[in-house]
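The file protein26.cif contains mmCIF, C-alpha atoms:
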```
data_my_file
loop_
_atom_site.label_atom_id
_atom_site.label_comp_id
_atom_site.auth_asym_id
_atom_site.auth_seq_id
_atom_site.Cartn_x
_atom_site.Cartn_y
_atom_site.Cartn_z
CA MET P 1497 4.53 -26.06 -23.46
CA ASN P 1498 4.01 -25.98 -19.68
CA ILE P 1499 3.45 -22.66 -17.95
CA ALA P 1500 3.63 -21.80 -14.26
CA TYR P 1501 0.97 -19.11 -13.96
CA VAL P 1502 1.73 -16.87 -11.00
CA THR P 1503 -0.82 -14.66 -9.26
CA THR P 1504 -1.08 -13.43 -5.69
CA TYR P 1505 -4.80 -14.39 -5.68
CA ASP P 1506 -6.78 -17.39 -6.89
CA ALA P 1507 -7.05 -16.90 -10.66
CA SER P 1508 -8.52 -20.35 -11.32
CA ARG P 1509 -12.02 -19.16 -10.50
CA LEU P 1510 -13.68 -15.95 -11.57
CA LYS P 1511 -15.34 -15.52 -8.18
CA GLY P 1512 -11.95 -15.72 -6.48
CA SER P 1513 -10.34 -13.45 -9.02
CA ASN P 1514 -12.05 -10.18 -8.19
CA GLU P 1515 -8.68 -8.49 -7.95
CA TRP P 1516 -7.80 -6.68 -11.15
CA SER P 1517 -11.47 -6.99 -12.25
CA GLY P 1518 -11.03 -10.69 -13.00
CA THR P 1519 -8.35 -10.01 -15.62
CA GLY P 1520 -6.05 -12.65 -14.15
CA TYR P 1521 -8.73 -15.27 -14.68
CA TYR P 1522 -9.27 -14.30 -18.31
CA ILE P 1523 -5.53 -14.19 -19.05
CA ALA P 1524 -5.22 -17.79 -17.86
CA LYS P 1525 -8.25 -18.84 -19.88
CA ALA P 1526 -6.87 -17.17 -23.02
CA ILE P 1527 -3.56 -19.00 -22.63
CA LYS P 1528 -5.19 -22.38 -21.96
CA ASN P 1529 -7.39 -21.97 -25.02
CA GLN P 1530 -4.20 -22.02 -27.10
CA SER P 1531 -3.65 -25.67 -26.07
CA ILE P 1532 -1.00 -24.64 -23.56
CA SER P 1533 -0.70 -26.52 -20.27
CA LEU P 1534 -1.03 -24.11 -17.35
CA ASP P 1535 -0.42 -24.73 -13.64
CA TYR P 1536 -1.83 -22.18 -11.20
CA PHE P 1537 0.81 -20.90 -8.77
CA GLY P 1538 -1.60 -18.97 -6.60
CA PRO P 1539 -2.96 -17.71 -4.39
CA LEU P 1540 0.26 -16.69 -2.67
CA ARG P 1541 0.29 -16.00 1.06
CA GLU P 1542 1.30 -12.77 2.71
CA PRO P 1543 3.75 -12.76 5.63
CA LYS P 1544 2.19 -13.31 9.04
CA GLY P 1545 1.25 -10.11 10.80
CA LEU P 1546 1.32 -8.05 7.61
CA ASN P 1547 -2.11 -6.54 8.20
CA ASN P 1548 -1.02 -5.16 11.56
CA ILE P 1549 2.24 -3.84 10.14
CA ARG P 1550 0.38 -2.29 7.20
CA ARG P 1551 -2.03 -0.56 9.55
CA LEU P 1552 0.73 0.83 11.74
CA LYS P 1553 2.74 2.08 8.76
CA ARG P 1554 -0.27 3.86 7.32
CA LEU P 1555 -0.83 5.62 10.63
CA TYR P 1556 2.85 6.50 10.96
CA TYR P 1557 3.20 7.98 7.48
CA LYS P 1558 -0.14 9.78 7.72
CA TYR P 1559 0.53 11.53 11.02
CA MET P 1560 4.34 11.72 11.19
CA GLU P 1561 5.21 12.43 7.57
CA GLN P 1562 1.87 13.59 6.15
CA SER P 1563 2.22 11.10 3.32
CA ASN P 1564 0.43 8.01 2.05
CA TYR P 1565 1.51 4.41 2.42
CA GLN P 1566 0.75 1.61 -0.04
CA SER P 1567 1.96 -1.90 0.71
CA ASP P 1568 2.08 -3.24 -2.86
CA SER P 1569 5.85 -2.87 -3.03
CA ASP P 1570 6.68 -4.03 0.49
CA ILE P 1571 10.01 -5.82 0.07
CA ARG P 1572 9.35 -8.39 2.79
CA THR P 1573 6.11 -9.40 1.06
CA LEU P 1574 7.68 -9.50 -2.40
CA ARG P 1575 10.50 -11.73 -1.18
CA TYR P 1576 7.97 -14.00 0.49
CA TYR P 1577 6.03 -14.24 -2.78
CA ALA P 1578 9.23 -15.15 -4.64
CA GLU P 1579 10.12 -17.76 -2.04
CA GLN P 1580 6.73 -19.46 -2.43
CA VAL P 1581 6.99 -19.46 -6.23
CA SER P 1582 10.47 -20.95 -6.02
CA LYS P 1583 9.27 -23.75 -3.75
CA LYS P 1584 6.34 -24.50 -6.05
CA LEU P 1585 8.69 -24.67 -9.03
CA HIS P 1586 10.94 -27.18 -7.29
CA SER P 1587 8.03 -29.35 -6.17
CA SER P 1588 6.16 -29.25 -9.47
CA GLN P 1589 5.52 -32.63 -11.06
CA LYS P 1590 5.77 -31.07 -14.51
CA GLN P 1591 8.72 -29.73 -16.43
CA ILE P 1592 7.94 -26.00 -16.38
CA ASP P 1593 8.95 -24.14 -19.54
CA VAL P 1594 7.88 -20.57 -18.74
CA ILE P 1595 7.01 -18.62 -15.59
CA PHE P 1596 4.16 -16.31 -16.49
CA SER P 1597 2.99 -13.66 -14.03
CA ALA P 1598 -0.07 -11.43 -14.06
CA THR P 1599 1.57 -8.15 -12.91
CA VAL P 1600 5.15 -7.81 -11.68
CA ASN P 1601 4.75 -8.20 -7.90
CA PRO P 1602 5.22 -12.00 -7.56
CA ILE P 1603 8.34 -12.21 -9.75
CA ALA P 1604 10.37 -9.07 -8.96
CA TYR P 1605 12.59 -10.92 -6.47
CA LEU P 1606 12.30 -14.37 -8.02
CA GLU P 1607 15.51 -16.18 -8.95
CA ALA P 1608 14.75 -18.85 -11.54
CA SER P 1609 16.46 -20.60 -14.42
CA LYS P 1610 13.29 -20.63 -16.52
CA PRO P 1611 12.30 -17.62 -18.65
CA ILE P 1612 9.99 -15.14 -16.94
CA VAL P 1613 7.16 -13.30 -18.69
CA PHE P 1614 4.65 -10.87 -17.21
CA TRP P 1615 1.56 -9.03 -18.44
CA ALA P 1616 0.62 -5.74 -16.80
CA ASP P 1617 -1.52 -2.70 -17.55
CA ALA P 1618 0.85 -0.02 -16.22
CA THR P 1619 4.20 0.73 -14.67
CA PHE P 1620 4.54 2.50 -11.36
CA ALA P 1621 5.74 5.60 -13.19
CA ASN P 1622 2.40 5.54 -15.04
CA ILE P 1623 0.18 5.45 -11.99
CA LYS P 1624 2.19 7.63 -9.57
CA ASP P 1625 0.25 10.86 -9.12
CA PHE P 1626 -2.21 9.60 -11.77
CA TYR P 1627 -4.67 7.81 -9.49
CA PRO P 1628 -5.66 9.54 -6.24
CA ILE P 1629 -4.55 6.57 -4.09
CA TYR P 1630 -1.05 6.82 -5.55
CA THR P 1631 -0.45 10.47 -4.77
CA ASN P 1632 1.69 11.92 -1.98
CA LEU P 1633 3.36 8.57 -1.37
CA SER P 1634 6.12 8.23 1.18
CA ASP P 1635 9.73 8.23 0.00
CA SER P 1636 10.20 4.62 1.05
CA VAL P 1637 7.22 3.49 -1.02
CA LEU P 1638 8.49 5.43 -4.04
CA ARG P 1639 11.93 3.85 -3.71
CA ASP P 1640 10.66 0.30 -3.23
CA TRP P 1641 8.09 0.47 -5.99
CA HIS P 1642 10.50 1.84 -8.59
CA GLN P 1643 12.94 -0.88 -7.54
CA MET P 1644 10.25 -3.55 -7.98
CA GLU P 1645 9.55 -2.36 -11.53
CA LYS P 1646 13.24 -2.26 -12.46
CA LEU P 1647 13.93 -5.74 -11.11
CA ALA P 1648 10.93 -7.25 -12.89
CA LEU P 1649 11.93 -5.69 -16.20
CA GLN P 1650 15.52 -6.85 -15.82
CA LYS P 1651 14.43 -10.43 -15.20
CA ALA P 1652 11.66 -10.70 -17.79
CA LYS P 1653 12.42 -12.26 -21.15
CA ILE P 1654 9.24 -10.58 -22.34
CA ALA P 1655 7.31 -7.75 -20.69
CA ILE P 1656 3.80 -7.52 -22.06
CA TYR P 1657 1.68 -4.43 -21.49
CA SER P 1658 -1.92 -3.77 -22.41
CA SER P 1659 -1.19 -0.34 -23.90
CA ASP P 1660 1.46 1.65 -25.75
CA TRP P 1661 1.34 4.16 -22.87
CA ALA P 1662 2.56 1.54 -20.40
CA ALA P 1663 5.07 0.00 -22.81
CA GLN P 1664 6.70 3.36 -23.51
CA SER P 1665 6.98 4.02 -19.78
CA ALA P 1666 8.81 0.71 -19.28
CA ILE P 1667 11.32 1.75 -21.94
CA HIS P 1668 11.75 5.43 -21.08
CA ASP P 1669 11.27 5.43 -17.30
CA TYR P 1670 12.98 2.13 -16.46
CA GLY P 1671 15.39 1.55 -19.34
CA ALA P 1672 13.74 -1.67 -20.50
CA ASP P 1673 15.08 -3.29 -23.65
CA PRO P 1674 12.60 -2.23 -26.38
CA THR P 1675 12.94 -5.61 -28.10
CA ARG P 1676 11.57 -7.31 -24.97
CA VAL P 1677 8.61 -4.97 -24.46
CA LYS P 1678 5.39 -5.92 -26.27
CA VAL P 1679 1.85 -4.55 -26.42
CA ILE P 1680 -1.20 -6.81 -26.35
CA PRO P 1681 -4.52 -5.18 -25.36
CA PHE P 1682 -6.83 -7.05 -23.04
CA GLY P 1683 -9.91 -8.69 -24.52
CA SER P 1684 -13.59 -8.42 -23.70
CA ASN P 1685 -14.81 -10.37 -20.68
CA VAL P 1686 -18.16 -10.74 -22.46
CA ASN P 1687 -18.45 -13.45 -25.11
CA SER P 1688 -20.34 -11.78 -27.92
CA PRO P 1689 -23.02 -14.04 -29.46
CA PHE P 1690 -23.02 -11.97 -32.65
CA ASN P 1691 -21.23 -12.02 -35.99
CA HIS P 1692 -20.89 -9.33 -38.65
CA GLU P 1693 -24.35 -10.08 -40.03
CA THR P 1694 -26.37 -10.48 -36.84
CA ILE P 1695 -24.83 -7.39 -35.19
CA LYS P 1696 -26.43 -5.31 -37.93
CA ASP P 1697 -29.89 -6.26 -36.65
CA VAL P 1698 -28.90 -5.17 -33.14
CA ILE P 1699 -27.66 -1.80 -34.40
CA ASP P 1700 -30.75 -1.30 -36.57
CA ALA P 1701 -32.99 -1.94 -33.55
CA ARG P 1702 -31.65 1.12 -31.72
CA PRO P 1703 -33.99 4.12 -31.83
CA THR P 1704 -33.23 6.96 -34.22
CA ASP P 1705 -35.38 9.59 -32.48
CA ARG P 1706 -33.42 9.65 -29.23
CA CYS P 1707 -29.89 9.03 -27.99
CA LYS P 1708 -29.22 6.42 -25.33
CA LEU P 1709 -25.98 6.94 -23.42
CA LEU P 1710 -24.55 4.50 -20.88
CA PHE P 1711 -22.10 5.47 -18.14
CA LEU P 1712 -20.52 2.39 -16.55
CA GLY P 1713 -18.09 3.00 -13.69
CA VAL P 1714 -17.71 2.73 -9.92
CA ASP P 1715 -16.03 6.12 -9.40
CA TRP P 1716 -18.29 8.99 -10.44
CA PHE P 1717 -15.68 11.73 -10.73
CA ARG P 1718 -12.60 9.76 -11.84
CA LYS P 1719 -14.58 8.03 -14.57
CA GLY P 1720 -16.11 11.32 -15.70
CA GLY P 1721 -19.71 10.84 -14.62
CA ASN P 1722 -20.10 14.59 -14.14
CA VAL P 1723 -19.11 15.16 -17.78
CA ALA P 1724 -21.43 12.41 -19.03
CA TYR P 1725 -24.30 14.05 -17.15
CA GLU P 1726 -23.59 17.50 -18.57
CA VAL P 1727 -23.42 16.03 -22.09
CA ALA P 1728 -26.81 14.38 -21.71
CA LYS P 1729 -28.25 17.55 -20.21
CA LYS P 1730 -27.01 19.75 -23.05
CA LEU P 1731 -28.16 17.30 -25.74
CA ASN P 1732 -31.69 17.40 -24.30
CA ARG P 1733 -31.66 21.19 -24.19
CA SER P 1734 -30.45 21.35 -27.80
CA GLY P 1735 -33.36 19.24 -29.01
CA LEU P 1736 -31.93 15.72 -29.20
CA LYS P 1737 -33.88 13.65 -26.71
CA THR P 1738 -31.26 11.81 -24.64
CA GLU P 1739 -31.33 9.22 -21.90
CA LEU P 1740 -28.36 8.59 -19.58
CA THR P 1741 -28.25 5.21 -17.84
CA ILE P 1742 -25.79 4.97 -14.94
CA ILE P 1743 -24.40 1.66 -13.68
CA GLY P 1744 -21.80 1.21 -10.97
CA CYS P 1745 -22.24 4.20 -8.70
CA PRO P 1746 -24.88 6.76 -7.70
CA PRO P 1747 -24.80 10.06 -9.60
CA ILE P 1748 -23.41 12.93 -7.56
CA LEU P 1749 -25.30 16.03 -8.69
CA ASP P 1750 -25.89 19.53 -7.36
CA GLU P 1751 -29.53 19.27 -8.37
CA PRO P 1752 -32.35 16.71 -8.18
CA ILE P 1753 -31.93 13.73 -10.51
CA PRO P 1754 -33.84 14.64 -13.70
CA ASP P 1755 -36.15 12.30 -15.59
CA PHE P 1756 -33.63 11.66 -18.36
CA VAL P 1757 -31.20 10.03 -15.90
CA ARG P 1758 -31.71 6.36 -15.05
CA PRO P 1759 -29.47 5.32 -12.10
CA LEU P 1760 -29.37 1.53 -11.73
CA GLY P 1761 -26.72 1.25 -9.00
CA PHE P 1762 -24.07 -1.44 -8.89
CA ILE P 1763 -24.62 -4.56 -11.00
CA SER P 1764 -22.10 -7.34 -10.40
CA LYS P 1765 -20.42 -8.90 -13.43
CA ALA P 1766 -19.44 -11.88 -11.28
CA THR P 1767 -22.84 -13.50 -11.83
CA PRO P 1768 -24.36 -14.61 -15.15
CA GLU P 1769 -27.48 -12.64 -14.28
CA GLY P 1770 -25.47 -9.47 -13.75
CA GLN P 1771 -23.48 -9.94 -16.95
CA ASP P 1772 -26.65 -10.58 -18.94
CA ARG P 1773 -28.32 -7.46 -17.58
CA ILE P 1774 -25.35 -5.23 -18.35
CA SER P 1775 -25.03 -6.74 -21.83
CA GLN P 1776 -28.70 -6.09 -22.55
CA ILE P 1777 -28.41 -2.46 -21.49
CA LEU P 1778 -25.27 -2.08 -23.62
CA LEU P 1779 -27.04 -3.60 -26.62
CA GLU P 1780 -29.76 -0.98 -26.40
CA SER P 1781 -27.30 1.93 -26.03
CA HIS P 1782 -25.92 4.12 -28.79
CA PHE P 1783 -22.72 4.98 -26.93
CA LEU P 1784 -20.73 4.02 -23.87
CA ILE P 1785 -19.62 7.36 -22.47
CA LEU P 1786 -16.69 7.27 -20.04
CA PRO P 1787 -14.85 10.64 -19.97
CA THR P 1788 -12.27 9.31 -17.53
CA ILE P 1789 -9.49 11.43 -16.06
CA ALA P 1790 -7.33 8.46 -14.97
CA ASP P 1791 -7.38 4.94 -16.41
CA CYS P 1792 -5.05 2.25 -17.72
CA THR P 1793 -6.96 0.09 -20.21
CA PRO P 1794 -10.62 -0.30 -19.24
CA ILE P 1795 -11.89 -3.65 -20.50
CA VAL P 1796 -15.41 -2.21 -20.64
CA PHE P 1797 -14.47 -0.59 -23.96
CA ALA P 1798 -13.84 -4.00 -25.52
CA GLU P 1799 -17.08 -5.26 -24.00
CA ALA P 1800 -19.04 -2.38 -25.51
CA ASN P 1801 -17.44 -2.94 -28.91
CA SER P 1802 -18.32 -6.64 -28.73
CA LEU P 1803 -21.97 -5.55 -28.83
CA GLY P 1804 -21.51 -2.97 -31.58
CA VAL P 1805 -21.43 0.01 -29.22
CA PRO P 1806 -18.93 2.82 -29.94
CA CYS P 1807 -17.18 4.49 -27.00
CA LEU P 1808 -16.69 8.13 -26.07
CA SER P 1809 -13.72 8.72 -23.78
CA THR P 1810 -10.55 10.74 -23.25
CA THR P 1811 -6.93 10.68 -24.39
CA VAL P 1812 -5.55 9.62 -21.03
CA GLY P 1813 -3.46 6.65 -19.94
CA GLY P 1814 -3.81 3.57 -22.09
CA VAL P 1815 -7.24 4.48 -23.47
CA PRO P 1816 -5.90 5.44 -26.95
CA THR P 1817 -4.70 1.84 -27.44
CA MET P 1818 -8.27 0.64 -26.90
CA ILE P 1819 -10.20 3.36 -28.72
CA ARG P 1820 -9.23 4.57 -32.18
CA ASN P 1821 -11.00 7.66 -33.49
CA GLY P 1822 -13.41 6.84 -36.28
CA PHE P 1823 -13.01 3.09 -35.80
CA ASN P 1824 -14.66 2.24 -32.50
CA GLY P 1825 -15.45 5.59 -30.96
CA GLN P 1826 -14.02 9.03 -30.35
CA LEU P 1827 -11.53 10.39 -27.85
CA PHE P 1828 -11.61 13.91 -26.44
CA SER P 1829 -9.11 15.90 -24.44
CA THR P 1830 -9.77 16.21 -20.73
CA GLU P 1831 -9.94 19.93 -21.52
CA SER P 1832 -12.64 19.48 -24.17
CA ASN P 1833 -15.88 21.40 -23.79
CA ILE P 1834 -19.19 19.67 -23.24
CA ALA P 1835 -20.15 21.13 -26.63
CA ASP P 1836 -17.43 19.05 -28.32
CA TYR P 1837 -19.09 15.82 -27.18
CA CYS P 1838 -22.54 17.11 -28.08
CA ASP P 1839 -21.51 18.28 -31.55
CA TYR P 1840 -19.99 14.88 -32.29
CA ILE P 1841 -23.10 13.00 -31.19
CA THR P 1842 -25.50 15.42 -32.89
CA ASN P 1843 -23.65 15.17 -36.19
CA LEU P 1844 -23.83 11.38 -36.14
CA PHE P 1845 -27.55 11.45 -35.42
CA ALA P 1846 -28.07 13.97 -38.23
CA ASN P 1847 -26.26 11.53 -40.53
CA TYR P 1848 -27.47 8.32 -38.96
CA GLY P 1849 -25.89 6.15 -41.62
CA ASP P 1850 -22.52 7.32 -40.31
CA TYR P 1851 -23.50 6.17 -36.82
CA LYS P 1852 -24.42 2.73 -38.13
CA ASN P 1853 -21.08 2.46 -39.92
CA LEU P 1854 -19.23 3.47 -36.75
CA ALA P 1855 -21.14 0.88 -34.71
CA LEU P 1856 -20.31 -1.84 -37.25
CA SER P 1857 -16.68 -0.74 -37.22
CA ALA P 1858 -16.66 -0.91 -33.41
CA PHE P 1859 -17.74 -4.54 -33.60
CA ASN P 1860 -14.98 -5.20 -36.12
CA GLU P 1861 -12.40 -3.74 -33.71
CA TYR P 1862 -13.58 -6.22 -31.10
CA ASP P 1863 -13.65 -9.10 -33.56
CA SER P 1864 -10.20 -8.36 -34.99
CA ARG P 1865 -8.12 -7.27 -31.97
CA LEU P 1866 -10.03 -6.64 -28.71
CA ASN P 1867 -10.89 -10.23 -27.81
CA TRP P 1868 -9.16 -12.81 -25.63
CA GLY P 1869 -8.83 -15.30 -28.49
CA PHE P 1870 -6.66 -12.91 -30.47
CA ALA P 1871 -4.75 -11.91 -27.33
CA GLY P 1872 -4.06 -15.56 -26.51
CA GLN P 1873 -2.74 -16.21 -30.02
CA GLN P 1874 -0.33 -13.29 -29.71
CA VAL P 1875 0.89 -14.47 -26.32
CA LYS P 1876 1.49 -17.97 -27.65
CA GLN P 1877 3.53 -16.61 -30.55
CA LEU P 1878 5.67 -14.57 -28.16
CA LEU P 1879 6.25 -17.52 -25.84
CA GLU P 1880 7.37 -19.69 -28.72
CA THR P 1881 10.15 -17.22 -29.49
CA ILE P 1882 11.84 -17.77 -26.11
CA LEU P 1883 11.69 -21.57 -25.96
#
```

Just give me the structure as structure tokens.
Amino acid sequence: MNIAYVTTYDASRLKGSNEWSGTGYYIAKAIKNQSISLDYFGPLREPKGLNNIRRLKRLYYKYMEQSNYQSDSDIRTLRYYAEQVSKKLHSSQKQIDVIFSATVNPIAYLEASKPIVFWADATFANIKDFYPIYTNLSDSVLRDWHQMEKLALQKAKIAIYSSDWAAQSAIHDYGADPTRVKVIPFGSNVNSPFNHETIKDVIDARPTDRCKLLFLGVDWFRKGGNVAYEVAKKLNRSGLKTELTIIGCPPILDEPIPDFVRPLGFISKATPEGQDRISQILLESHFLILPTIADCTPIVFAEANSLGVPCLSTTVGGVPTMIRNGFNGQLFSTESNIADYCDYITNLFANYGDYKNLALSAFNEYDSRLNWGFAGQQVKQLLETIL
């Protein structure tokens, strides 16, 4: 099986694949590990002068229409992407069997005789008014983006999404054929060195006399850093000594940073040193706490589970596909009280054997479904059905 792997950026190298948090790189790697031949059709070029046009449009919509402009669905750009993919297909030295795209942008306007498959983490209907940057969009952006989603879904033999939330949107918001819409969660970008026996030693090494929470996110408020802080603060006041480590962004507080907060700033996962440091901090943590108010499918949950760390988060977006209550963490409503988080954590520490079982179960969730090996196997099985 020969696949043309289409991305707008360079997905052949992790350093060049910073877009989408490197997910495009790991998708390609997962597919290649299934003994599938993969040709990189990327990076794709943007039309000349696009940056100037983008800048002018943003100014126009901001001051003339009091709305926001996002260029992701710019028709001229999408047609240019499709034209480049078409030329690469015709000049390819291999017989291409499947065109596989990471996200829908490069293939929405593509005309091809080969089956098209894409893997995305959301539809536009999902993210509109969900993320701050996708609010108050201009009418033209709304029209073009919805059109891009519809075209991609019409052309795709298989539309893969990383969550049930996104898959249901494709069906209900865009009329996608349910038989063509599939759900495969993303895997962990950290290769766990542990198995079911050795992870027990890691879990046993965590302290029982204090709770170590880790907040890992680059957006303090959207990722729920304020909630994580209040949880740690209340746990300390209630008698459970708690430490909150913060990676990715500085804490934004209305008071001086207390001693129980350990802000480490941004640590890049793009380097082995950065990955090792984050992994070590995760290993020592009892919970990853990410009370997000807007997210698709954060891969950090799979990474935490790969090290036997349960996750505390919210029932928003695609998070419930990643985190299952009682299996690899606990989800709370965005309306939940700080006390709800604290009661959950306190009860587990009062019955510490239950915490150990949850941590072991979290590792099992990673080992059984939240890893790129399993994701690659599922993709291969789907591709074989259309050849």

Checklist line | For atom CA of Arg1676 of chain P and atom CA of Tyr1577 of chain P, the interatomic separation in Å (one decimal) | finding: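 Value for the atom CA of Arg1676 of chain P-atom CA of Tyr1577 of chain P distance: 23.9 Å.
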
Checklist line | Contacts of segment 1497-1505 of chain P within 7 Å, only C-alpha atoms, excl. fewer than 3 positions in-chain, as a PyMOL selection string | finding: chain P and resi 1513+1532-1540+1591-1598+1602

Margin query: Show me, as a list in words, the residues that have an atom within 10 Å of Leu1546 of chain P when counting all atoms listed in the file, minus same-chain residues fewer than 2 positions from it.
Written below: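 Non-adjacent residues within range: Glu1542, Pro1543, Lys1544, Asn1548, Ile1549, Arg1550, Arg1551, Leu1552, Ser1567, Asp1570, Arg1572 and Thr1573 of chain P.
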
Next item on the list: Go through the shown structure with the PyMOL selection byres ((chain P and resi 1789) around 7) and write out the matching residues as a list in words.
Entry: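 Residues picked by the PyMOL selection byres ((chain P and resi 1789) around 7): Arg1718, Lys1719, Gly1720, Pro1787, Thr1788, Ala1790, Asp1791, Val1812 and Thr1830 of chain P.
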
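Restricting the calculation to only C-alpha atoms, the smallest distance between Asp1660 of chain P and any of P:Ile1777, P:Ala1616, P:Leu1844, P:Leu1647 is found for P:Ala1616.
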
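Here atom CA of Arg1541 of chain P is placed at a distance of 21.5 Å from atom CA of Gln1643 of chain P.
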
Next item on the list: Starting from the shown file, work through the PyMOL selection byres ((chain P and resi 1620-1636) around 6) and note down what comes out as a ChimeraX atom specification.
Entry: /P:1563-1565,1618-1619,1637-1639

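Remark: for Trp1661 of chain P, the closest of the candidate residues P:Gly1814, P:Gly1683, P:Pro1759, P:Pro1754 is P:Gly1814 (distances computed over all atoms listed in the file).
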
Give me the residues of segment 1756-1860 of chain P that have any atom at most 7 Å from an atom of segment 1723-1734 of chain P; for each, the nearest atom pair and the distance in Å, rounded to one decimal. Use only C-alpha atoms, sort by chain and number, and format it as JSON lines.
```
{"residue": "P:Ile1785", "atom": "CA", "partner": "P:Ala1724", "partner_atom": "CA", "distance": 6.4}
{"residue": "P:Pro1787", "atom": "CA", "partner": "P:Val1723", "partner_atom": "CA", "distance": 6.6}
{"residue": "P:Ile1834", "atom": "CA", "partner": "P:Val1727", "partner_atom": "CA", "distance": 5.7}
{"residue": "P:Tyr1837", "atom": "CA", "partner": "P:Val1727", "partner_atom": "CA", "distance": 6.7}
{"residue": "P:Cys1838", "atom": "CA", "partner": "P:Leu1731", "partner_atom": "CA", "distance": 6.1}
```

Next item on the list: Please measure the separation of atom CA of Gly1744 of chain P and atom CA of Arg1820 of chain P, giving the value in Å to one decimal.
Entry: 24.9 Å

Next item on the list: Scan for residues within 6 Å of the point (-17.8, 11.5, -28.7) in the coordinates of the file, using all atoms listed in the file, and reply as JSON, numbers by chain.
Entry: {"P": [1808, 1826, 1837, 1840]}

Item checked: Residue nearest Pro1611 of chain P - candidates P:Val1679, P:Ala1648, P:Val1757, P:Cys1792, atoms counted: all atoms listed in the file -> P:Ala1648

Notebook entry, point to check: Out of P:Pro1768, P:Gly1869, P:Pro1703, P:Pro1674, which residue has the shortest atom-to-atom distance to Glu1780 of chain P when counting only C-alpha atoms?
Noted result: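 Comparing P:Pro1768, P:Gly1869, P:Pro1703, P:Pro1674 against Glu1780 of chain P, the winner is P:Pro1703.
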
Checklist line | Ground truth for the PyMOL selection byres ((chain P and resi 1800-1807) around 9), written as a ChimeraX atom specification | finding: /P:1684,1686-1690,1695-1696,1698-1699,1775,1778-1786,1795-1799,1808-1809,1819,1823-1827,1851,1854-1863,1866-1867

Next item on the list: Show which residues sit within 10 Å of Ser1517 of chain P, as a VMD selection string. Count all atoms listed in the file, and ignore same-chain residues fewer than 5 positions away.
Entry: chain P and resid 1510 1522 1685 1765 to 1766 1794 to 1795

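For the set P:Ile1656, P:Ile1742, P:Ala1524, P:Ala1507, the residue with the smallest atom-to-atom gap to Leu1709 of chain P is P:Ile1742, counting only C-alpha atoms.
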
Notebook entry, point to check: With only C-alpha atoms as the basis for distance, which of P:Tyr1657, P:Arg1758, P:Ser1588, P:Met1644 is at the shortest distance from Asn1601 of chain P?
Noted result: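 Using only C-alpha atoms, the shortest distance to Asn1601 of chain P belongs to P:Met1644.
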
Check: Leaving out Ala1666 of chain P and any residue of its chain fewer than 3 positions from it, which residues lie within 9 Å of it when counting only C-alpha atoms, given as a list in words?
Finding: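 Contacts, in chain order: Ala1618, Thr1619, Ala1621, Glu1645, Lys1646, Leu1649, Ala1655, Trp1661, Ala1662, Ala1663, Asp1669, Tyr1670, Gly1671, Ala1672, Asp1673, Pro1674 and Val1677 of chain P.
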
Give the padded box for segment 1593-1597 of chain P as AutoDock Vina command-line options: axis-aligned, covering all atoms listed in the file, 6 Å on each side, centre and edge lengths in Å to one decimal.
```
--center_x 6.0 --center_y -18.9 --center_z -16.8 --size_x 18.0 --size_y 22.5 --size_z 17.5
```

From the block you just saw, export segment 1748-1764 of chain P: C-alpha atoms, as a compact mmCIF listing (two decimals), in the first residue's frame.
```txt
# COMPACT_ATOMS: atom_id res chain seq x y z
CA ILE P 1748 -1.66 34.66 36.73
CA LEU P 1749 -2.70 35.28 40.34
CA ASP P 1750 -4.22 38.13 42.31
CA GLU P 1751 -1.78 37.44 45.13
CA PRO P 1752 1.92 36.65 45.56
CA ILE P 1753 2.93 33.16 44.40
CA PRO P 1754 2.76 30.96 47.52
CA ASP P 1755 5.38 28.40 48.50
CA PHE P 1756 3.26 25.44 47.40
CA VAL P 1757 3.33 26.63 43.77
CA ARG P 1758 6.34 25.71 41.64
CA PRO P 1759 6.30 27.62 38.30
CA LEU P 1760 8.83 26.16 35.85
CA GLY P 1761 7.93 28.20 32.76
CA PHE P 1762 7.88 26.81 29.25
CA ILE P 1763 9.72 23.54 28.61
CA SER P 1764 9.96 22.54 24.95
```
